[in-house]
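Enquirer: The structure is given below, and queries will be raised subsequently.
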Amino acid sequence: MANILHADVLVAEIGSTTTLVNAFSDLDHEPRWLGQGQAPTTVLQGDVCVGLRNAVSDLSNKLGADVQATEMLATSSAAGGLSMTVHGLVYDMTVKAAQAAALGAGAVIRHATAGKLSEFDIEDIKAISPKLILLAGGTDYGERATAVYNAQMLLDNEVRVPAIFAGNVQCQRKVEKMYAEAGVPLYVTENVYPRLDAINIEPARRIIQRVFAEHIVRAPGMEKISEMVQAPILPTPGAVMEAAKRMYEQYGDLAVIDVGGATTDVHSVTPGSENIALMATGPEPMAKRTVEGDLGLYVNAGNLVRQIGESALSQELGIDVPEVMRCYLPIPETAEQFKLTCRLCWEAASVALQRHCGVLRHLYSPSGRRTVAEGKDLSELKYLVATGGALTRLPQRREIMRRLADMNVSGMMLLPAPGKIQLLFDDNYIMASLGVLSQSYPEAASQLMSSCLKP
């Protein structure tokens, strides 16, 4: 191409199947999103840079000029993303806090254990071959034996995987010494559950992302991209969380939902209600991500059909569901495929939001009924944000999102009453890129969010 278009920044989003490239300009004055290119990710060809170059070429073709950028940033979920295992003391306390830290950083949690590791746990961890292990356990100055035992168990069984220790502060030096003597990398950070009434996941979340950027990305060719970019590579779900946290500063309490081909993610940023806090049975993080590995529109489409029931679904939609499933595509093409995909999208999104959202429960005792709040309080949400391919591209996306926002018909979910939540759509599918951009250009990212998110 004869024409050259200069961009300030290209942000590459290297997924497991697709690589996206978003171009931005005038970041110091009036930030603009120029456009997006995409191409298949080329992990199987031995070099993800091939897919990146193809995505840039696609962007150039769309813009009618050779796009050249001063700077490149990147996010990645290629090569399985940030695969982790998490190990703590009590499941509903240190393990859940450690999971929240890992998920908030963008990790894929492959295994979680509570208490002392068994020989079978070690077998599972070795079979999973995680890229990072998170060790927690014990409040500060509380129980010490489990975290130390688990660290020793991993090392004694030659699980030579980089680890993060985010447990009882009294165990730090002991675990540090053990890993140093074994020659296995260990990163020590603050306890994710320092007190019974508090969790502290942000330090662990930040260090997980740093370790991912420094040591974990192992997709073929990714080391070349590490040399090309001017900032740490973020896990893609972690980048979406960064964007959600930045949006909270502008919009207030919000949740972001992304129905993907394999999983459905929900990110929420809200401190919740003071009234609900008085009824809470345990602490919850202000910024929380959940990922549902059984809910997806392509890899897990069959699972969603089974959850609803083939016969019931065929009757509801007026189509032959088994026949449509035989030719089912990741991007629907026929009217029947669109109808089925929209219905499965609603199923995945509604189940994921129910799993993410806390509930009110009535407990009965000799002294009478008492109401408690369990899980994440979303009762102060102002916005529900749609991102990802399905919820920004499907023809029924607005109806699906409206139904999600109005789910609390019973009044027992920790969600606002129907009609209270406003909707926003990431129509250009750039939230992850804006999350990456916010790390180097926070003001520009905020301005772009305001202009790119549509009611």
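Labeling convention for the structure tokens: chains A, B, ... as they appear, residues from 1 per chain, ligands from 1 in order of appearance.
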Just want the 10 Å neighbourhood of Asp197 of chain A, counted on only C-alpha atoms, with same-chain residues fewer than 6 positions away dropped. Output as a compact mmCIF listing (two decimals) with C-alpha atoms, in the first residue's frame.
Expert:
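Saved as out_11.txt:
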# COMPACT_ATOMS: atom_id res chain seq x y z
CA MET A 93 -11.94 -18.96 53.50
CA THR A 281 -21.68 -14.37 56.31
CA GLY A 282 -18.18 -13.68 54.96
CA PRO A 283 -16.05 -11.07 53.18
CA GLU A 284 -16.05 -10.66 49.39
Enquirer: Would you kindly return, as a ChimeraX atom specification, each protein, DNA or RNA residue with an atom no farther than 9 Å from any atom of segment 369-378 of chain A, considering only C-alpha atoms and excluding same-chain residues fewer than 3 positions away?
Expert: /A:253-255,268-273,276-286,288,356-366,381,413-416
Enquirer: Please measure the separation of atom CA of Asp258 of chain A and atom CA of Gly238 of chain A, giving the value in Å to one decimal.
Expert: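 Taking atom CA of Asp258 of chain A and atom CA of Gly238 of chain A, their separation equals 13.0 Å.
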Enquirer: What's the 10 Å shell around segment 330-332 of chain A, counting only C-alpha atoms, without same-chain residues fewer than 2 positions away, as an mmCIF file with N, CA and C atoms, in the first residue's frame?
Expert:
data_model
loop_
_atom_site.group_PDB
_atom_site.id
_atom_site.type_symbol
_atom_site.label_atom_id
_atom_site.label_comp_id
_atom_site.auth_asym_id
_atom_site.auth_seq_id
_atom_site.Cartn_x
_atom_site.Cartn_y
_atom_site.Cartn_z
ATOM 1 N N GLY A 260 -18.406 -16.588 25.928
ATOM 2 C CA GLY A 260 -17.459 -17.003 24.901
ATOM 3 C C GLY A 260 -17.786 -18.366 24.330
ATOM 4 N N GLY A 261 -16.895 -18.853 23.487
ATOM 5 C CA GLY A 261 -17.102 -20.149 22.868
ATOM 6 C C GLY A 261 -16.920 -21.308 23.829
ATOM 7 N N LEU A 297 -20.576 -21.207 24.050
ATOM 8 C CA LEU A 297 -21.482 -21.334 22.907
ATOM 9 C C LEU A 297 -20.968 -22.227 21.788
ATOM 10 N N TYR A 298 -19.737 -22.708 21.908
ATOM 11 C CA TYR A 298 -19.255 -23.616 20.858
ATOM 12 C C TYR A 298 -18.690 -24.892 21.474
ATOM 13 N N VAL A 299 -17.593 -24.762 22.212
ATOM 14 C CA VAL A 299 -16.999 -25.940 22.843
ATOM 15 C C VAL A 299 -17.992 -26.614 23.776
ATOM 16 N N ALA A 301 -21.420 -26.051 23.757
ATOM 17 C CA ALA A 301 -22.805 -25.929 23.283
ATOM 18 C C ALA A 301 -23.614 -27.182 23.606
ATOM 19 N N CYS A 327 -24.767 -29.457 12.383
ATOM 20 C CA CYS A 327 -24.064 -28.495 11.524
ATOM 21 C C CYS A 327 -23.735 -27.211 12.274
ATOM 22 N N TYR A 328 -23.636 -27.308 13.595
ATOM 23 C CA TYR A 328 -23.469 -26.115 14.430
ATOM 24 C C TYR A 328 -22.093 -25.487 14.203
ATOM 25 N N THR A 334 -27.265 -19.753 9.598
ATOM 26 C CA THR A 334 -28.669 -19.906 9.210
ATOM 27 C C THR A 334 -29.578 -19.338 10.289
ATOM 28 N N ALA A 335 -30.854 -19.143 9.926
ATOM 29 C CA ALA A 335 -31.838 -18.623 10.881
ATOM 30 C C ALA A 335 -31.980 -19.562 12.079
ATOM 31 N N GLU A 336 -31.956 -20.874 11.815
ATOM 32 C CA GLU A 336 -32.085 -21.851 12.900
ATOM 33 C C GLU A 336 -30.874 -21.801 13.828
ATOM 34 N N GLN A 337 -29.678 -21.657 13.256
ATOM 35 C CA GLN A 337 -28.470 -21.560 14.080
ATOM 36 C C GLN A 337 -28.496 -20.302 14.939
ATOM 37 N N PHE A 338 -28.928 -19.179 14.377
ATOM 38 C CA PHE A 338 -29.035 -17.947 15.151
ATOM 39 C C PHE A 338 -30.027 -18.111 16.302
ATOM 40 N N LYS A 339 -31.163 -18.731 16.012
ATOM 41 C CA LYS A 339 -32.186 -18.915 17.040
ATOM 42 C C LYS A 339 -31.651 -19.762 18.189
ATOM 43 N N LEU A 340 -30.961 -20.856 17.853
ATOM 44 C CA LEU A 340 -30.404 -21.729 18.881
ATOM 45 C C LEU A 340 -29.282 -21.029 19.650
ATOM 46 N N THR A 341 -28.398 -20.337 18.925
ATOM 47 C CA THR A 341 -27.275 -19.670 19.590
ATOM 48 C C THR A 341 -27.762 -18.604 20.566
ATOM 49 N N CYS A 342 -28.783 -17.845 20.175
ATOM 50 C CA CYS A 342 -29.330 -16.824 21.083
ATOM 51 C C CYS A 342 -29.901 -17.467 22.340
ATOM 52 N N GLY A 389 -17.877 -11.609 21.736
ATOM 53 C CA GLY A 389 -18.518 -11.715 20.439
ATOM 54 C C GLY A 389 -20.026 -11.885 20.503
ATOM 55 N N ALA A 390 -20.519 -12.807 21.361
ATOM 56 C CA ALA A 390 -21.947 -13.127 21.378
ATOM 57 C C ALA A 390 -22.803 -11.940 21.798
ATOM 58 N N ARG A 393 -22.739 -9.070 19.168
ATOM 59 C CA ARG A 393 -22.997 -9.346 17.757
ATOM 60 C C ARG A 393 -24.357 -10.022 17.506
ATOM 61 N N LEU A 394 -24.854 -10.817 18.435
ATOM 62 C CA LEU A 394 -26.092 -11.557 18.190
ATOM 63 C C LEU A 394 -27.285 -10.613 18.052
#
Enquirer: Here is a test: counting only C-alpha atoms, which residue of A:Thr189, A:Asn54, A:Gln38, A:Gln307 is nearest to Ala101 of chain A?
Expert: A:Thr189
Enquirer: Show me a table, sorted first by chain and then by increasing residue number, of the residues of segment 28-134 of chain A having an atom at most 7 Å from segment 7-18 of chain A, each with its shortest atom pair and the distance in Å to one decimal, counting only C-alpha atoms and written as JSON lines.
Expert:
{"residue": "A:Gln38", "atom": "CA", "partner": "A:Thr18", "partner_atom": "CA", "distance": 6.9}
{"residue": "A:Ala39", "atom": "CA", "partner": "A:Thr18", "partner_atom": "CA", "distance": 5.8}
{"residue": "A:Pro40", "atom": "CA", "partner": "A:Thr18", "partner_atom": "CA", "distance": 4.5}
{"residue": "A:Thr41", "atom": "CA", "partner": "A:Thr18", "partner_atom": "CA", "distance": 4.8}
{"residue": "A:Val67", "atom": "CA", "partner": "A:Ala7", "partner_atom": "CA", "distance": 6.9}
{"residue": "A:Gln68", "atom": "CA", "partner": "A:Ala7", "partner_atom": "CA", "distance": 6.0}
{"residue": "A:Ala69", "atom": "CA", "partner": "A:Ala7", "partner_atom": "CA", "distance": 4.6}
{"residue": "A:Thr70", "atom": "CA", "partner": "A:Asp8", "partner_atom": "CA", "distance": 5.2}
{"residue": "A:Glu71", "atom": "CA", "partner": "A:Val9", "partner_atom": "CA", "distance": 4.8}
{"residue": "A:Met72", "atom": "CA", "partner": "A:Leu10", "partner_atom": "CA", "distance": 4.8}
{"residue": "A:Leu73", "atom": "CA", "partner": "A:Val11", "partner_atom": "CA", "distance": 4.7}
{"residue": "A:Ala74", "atom": "CA", "partner": "A:Ala12", "partner_atom": "CA", "distance": 4.6}
{"residue": "A:Thr75", "atom": "CA", "partner": "A:Glu13", "partner_atom": "CA", "distance": 4.8}
{"residue": "A:Ser76", "atom": "CA", "partner": "A:Ile14", "partner_atom": "CA", "distance": 4.6}
{"residue": "A:Ser77", "atom": "CA", "partner": "A:Gly15", "partner_atom": "CA", "distance": 4.8}
{"residue": "A:Ala78", "atom": "CA", "partner": "A:Ser16", "partner_atom": "CA", "distance": 4.2}
{"residue": "A:Ala79", "atom": "CA", "partner": "A:Ser16", "partner_atom": "CA", "distance": 6.4}
{"residue": "A:Gly80", "atom": "CA", "partner": "A:Ser16", "partner_atom": "CA", "distance": 6.8}
Enquirer: Would you save the residues from that selection as an mmCIF file, in the first residue's frame, using N, CA, C and O atoms?
Expert:
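Once everything was written out, this is result.cif:
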data_model
loop_
_atom_site.group_PDB
_atom_site.id
_atom_site.type_symbol
_atom_site.label_atom_id
_atom_site.label_comp_id
_atom_site.auth_asym_id
_atom_site.auth_seq_id
_atom_site.Cartn_x
_atom_site.Cartn_y
_atom_site.Cartn_z
ATOM 1 N N GLN A 38 -8.257 -8.703 12.386
ATOM 2 C CA GLN A 38 -8.228 -10.012 13.036
ATOM 3 C C GLN A 38 -7.741 -11.083 12.071
ATOM 4 O O GLN A 38 -7.815 -10.930 10.853
ATOM 5 N N ALA A 39 -7.243 -12.171 12.671
ATOM 6 C CA ALA A 39 -6.750 -13.308 11.891
ATOM 7 C C ALA A 39 -6.670 -14.507 12.827
ATOM 8 O O ALA A 39 -6.612 -14.342 14.058
ATOM 9 N N PRO A 40 -6.659 -15.719 12.293
ATOM 10 C CA PRO A 40 -6.499 -16.894 13.147
ATOM 11 C C PRO A 40 -5.156 -16.857 13.888
ATOM 12 O O PRO A 40 -4.128 -16.471 13.319
ATOM 13 N N THR A 41 -5.171 -17.253 15.156
ATOM 14 C CA THR A 41 -3.929 -17.380 15.920
ATOM 15 C C THR A 41 -3.140 -18.574 15.386
ATOM 16 O O THR A 41 -3.709 -19.615 15.053
ATOM 17 N N VAL A 67 -0.741 0.436 8.160
ATOM 18 C CA VAL A 67 -0.760 0.927 9.539
ATOM 19 C C VAL A 67 0.593 0.683 10.195
ATOM 20 O O VAL A 67 1.090 -0.446 10.236
ATOM 21 N N GLN A 68 1.203 1.763 10.680
ATOM 22 C CA GLN A 68 2.457 1.674 11.418
ATOM 23 C C GLN A 68 2.277 2.369 12.760
ATOM 24 O O GLN A 68 1.653 3.434 12.829
ATOM 25 N N ALA A 69 2.814 1.761 13.812
ATOM 26 C CA ALA A 69 2.588 2.289 15.156
ATOM 27 C C ALA A 69 3.896 2.602 15.860
ATOM 28 O O ALA A 69 4.926 1.949 15.629
ATOM 29 N N THR A 70 3.846 3.581 16.729
ATOM 30 C CA THR A 70 5.004 3.950 17.539
ATOM 31 C C THR A 70 5.259 2.919 18.626
ATOM 32 O O THR A 70 6.410 2.663 19.006
ATOM 33 N N GLU A 71 4.178 2.302 19.106
ATOM 34 C CA GLU A 71 4.283 1.421 20.270
ATOM 35 C C GLU A 71 3.322 0.258 20.116
ATOM 36 O O GLU A 71 2.270 0.383 19.482
ATOM 37 N N MET A 72 3.693 -0.886 20.699
ATOM 38 C CA MET A 72 2.793 -2.040 20.696
ATOM 39 C C MET A 72 2.632 -2.558 22.118
ATOM 40 O O MET A 72 3.599 -2.637 22.895
ATOM 41 N N LEU A 73 1.395 -2.913 22.472
ATOM 42 C CA LEU A 73 1.070 -3.548 23.743
ATOM 43 C C LEU A 73 0.344 -4.849 23.432
ATOM 44 O O LEU A 73 -0.140 -5.044 22.315
ATOM 45 N N ALA A 74 0.234 -5.742 24.423
ATOM 46 C CA ALA A 74 -0.373 -7.040 24.111
ATOM 47 C C ALA A 74 -1.043 -7.665 25.325
ATOM 48 O O ALA A 74 -0.680 -7.428 26.475
ATOM 49 N N THR A 75 -2.036 -8.475 25.003
ATOM 50 C CA THR A 75 -2.695 -9.348 25.970
ATOM 51 C C THR A 75 -2.798 -10.728 25.337
ATOM 52 O O THR A 75 -2.870 -10.845 24.107
ATOM 53 N N SER A 76 -2.795 -11.774 26.148
ATOM 54 C CA SER A 76 -2.760 -13.118 25.570
ATOM 55 C C SER A 76 -3.524 -14.128 26.412
ATOM 56 O O SER A 76 -3.499 -14.092 27.644
ATOM 57 N N SER A 77 -4.213 -15.017 25.714
ATOM 58 C CA SER A 77 -4.757 -16.224 26.342
ATOM 59 C C SER A 77 -4.364 -17.438 25.512
ATOM 60 O O SER A 77 -4.972 -18.496 25.628
ATOM 61 N N ALA A 78 -3.350 -17.268 24.664
ATOM 62 C CA ALA A 78 -2.868 -18.379 23.838
ATOM 63 C C ALA A 78 -2.185 -19.427 24.704
ATOM 64 O O ALA A 78 -1.799 -19.164 25.841
ATOM 65 N N ALA A 79 -2.025 -20.599 24.143
ATOM 66 C CA ALA A 79 -1.373 -21.725 24.839
ATOM 67 C C ALA A 79 -2.052 -22.047 26.162
ATOM 68 O O ALA A 79 -1.425 -22.408 27.144
ATOM 69 N N GLY A 80 -3.405 -21.913 26.186
ATOM 70 C CA GLY A 80 -4.154 -22.258 27.384
ATOM 71 C C GLY A 80 -4.223 -21.158 28.406
ATOM 72 O O GLY A 80 -4.784 -21.342 29.485
#
Enquirer: For Arg355 of chain A, work out the shell of residues within 10 Å, counting only C-alpha atoms and skipping chain neighbours fewer than 5 positions away, then give it as a list in words.
Expert: Val266, Thr290, Val291, Glu292, Ala349, Ser350, Gly375 and Lys376 of chain A
Enquirer: Point out the residue among A:Leu304, A:Ile257, A:Leu437, A:Ala114 with the least atom-to-atom distance to Thr387 of chain A, counting only C-alpha atoms.
Expert: A:Ile257
Enquirer: Given only C-alpha atoms as the basis, pick out the residue of A:Ile421, A:Val324, A:Val192, A:Ile400 nearest to Ser379 of chain A.
Expert: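 For Ser379 of chain A, the nearest of the candidates is A:Ile421.
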Enquirer: From the set A:Met449, A:Ala348, A:Val90, A:Leu424, which residue has the shortest atom-to-atom contact distance to Ala262 of chain A, counting only C-alpha atoms?
Expert: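 Between A:Met449, A:Ala348, A:Val90, A:Leu424, the residue approaching Ala262 of chain A most closely is A:Ala348.
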Enquirer: So the first atom is atom CA of Val436 of chain A and the second is atom CA of Ala239 of chain A; what is the distance between them in Å, to one decimal place?
Expert: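 Between atom CA of Val436 of chain A and atom CA of Ala239 of chain A the gap is 5.6 Å.
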Enquirer: Between A:Asp265, A:Ala98, A:Met431, A:Gln170, which has the minimum distance to Pro203 of chain A (counting only C-alpha atoms)?
Expert: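 Closest to Pro203 of chain A, using only C-alpha atoms: A:Ala98.
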Enquirer: Of the candidates A:Gln250, A:Leu154, A:Tyr429, A:Thr263, which shows the shortest atom-to-atom distance to Ile125 of chain A, using only C-alpha atoms?
Expert: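 Selected residue with least distance to Ile125 of chain A: A:Leu154.
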Enquirer: For the atom pair atom CA of Thr146 of chain A and atom CA of Arg206 of chain A, what is the interatomic distance in Å to one decimal place?
Expert: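 Answer for the atom CA of Thr146 of chain A to atom CA of Arg206 of chain A separation: 24.4 Å.
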Enquirer: Compile the contact shell of Arg173 of chain A as a list in words: residues with an atom at most 12 Å away, counting only C-alpha atoms, same-chain residues fewer than 2 positions apart removed.
Expert: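 Residues meeting the cut-off are Arg144, Ala147, Val148, Phe165, Gly167, Asn168, Val169, Gln170, Cys171, Val175, Glu176, Lys177, Met178, Tyr179, Ala180, Leu186, Tyr187, Val188 and Thr189 of chain A.
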Enquirer: Excluding Gln447 of chain A and its own-chain neighbours fewer than 2 positions away, which residues fall within 10 Å of it when counting only C-alpha atoms? Please give them as a PyMOL selection string.
Expert: chain A and resi 27+30-32+250+442-445+449-452
Enquirer: Could you save those same residues with N, CA, C and O atoms as a tab-separated table (two decimals), in the first residue's frame?
Expert:
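Okay, this is what ended up in selection12.tsv:
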chain	number	residue	atom	x	y	z
A	27	LEU	N	-3.42	9.83	21.56
A	27	LEU	CA	-3.67	9.45	22.95
A	27	LEU	C	-3.38	10.59	23.94
A	27	LEU	O	-3.90	10.58	25.05
A	30	GLU	N	-6.86	13.97	21.88
A	30	GLU	CA	-8.23	13.50	21.71
A	30	GLU	C	-8.18	12.05	21.24
A	30	GLU	O	-8.18	11.77	20.03
A	31	PRO	N	-8.11	11.11	22.18
A	31	PRO	CA	-7.89	9.70	21.82
A	31	PRO	C	-8.94	9.18	20.83
A	31	PRO	O	-10.14	9.48	20.96
A	32	ARG	N	-8.45	8.42	19.86
A	32	ARG	CA	-9.34	7.84	18.86
A	32	ARG	C	-9.01	6.37	18.65
A	32	ARG	O	-7.85	5.98	18.64
A	250	GLN	N	-15.48	5.81	36.51
A	250	GLN	CA	-16.30	6.71	35.70
A	250	GLN	C	-17.80	6.50	35.91
A	250	GLN	O	-18.56	7.45	36.02
A	442	PRO	N	-3.73	5.80	31.17
A	442	PRO	CA	-5.00	5.71	31.92
A	442	PRO	C	-6.05	6.73	31.50
A	442	PRO	O	-7.23	6.39	31.37
A	443	GLU	N	-5.64	7.97	31.28
A	443	GLU	CA	-6.62	8.99	30.90
A	443	GLU	C	-7.19	8.72	29.52
A	443	GLU	O	-8.40	8.87	29.29
A	444	ALA	N	-6.34	8.35	28.58
A	444	ALA	CA	-6.82	8.04	27.24
A	444	ALA	C	-7.77	6.85	27.25
A	444	ALA	O	-8.81	6.87	26.57
A	445	ALA	N	-7.44	5.82	28.04
A	445	ALA	CA	-8.31	4.65	28.13
A	445	ALA	C	-9.68	5.03	28.68
A	445	ALA	O	-10.71	4.56	28.20
A	449	MET	N	-13.22	4.66	26.69
A	449	MET	CA	-14.34	3.89	27.23
A	449	MET	C	-15.63	4.68	27.13
A	449	MET	O	-16.69	4.15	26.77
A	450	SER	N	-15.55	5.96	27.47
A	450	SER	CA	-16.75	6.80	27.41
A	450	SER	C	-17.31	6.90	26.01
A	450	SER	O	-18.52	6.93	25.80
A	451	SER	N	-16.41	6.94	25.00
A	451	SER	CA	-16.87	7.11	23.63
A	451	SER	C	-17.24	5.78	22.95
A	451	SER	O	-18.06	5.77	22.04
A	452	CYS	N	-16.64	4.67	23.42
A	452	CYS	CA	-16.85	3.39	22.75
A	452	CYS	C	-17.98	2.56	23.34
A	452	CYS	O	-18.55	1.70	22.66
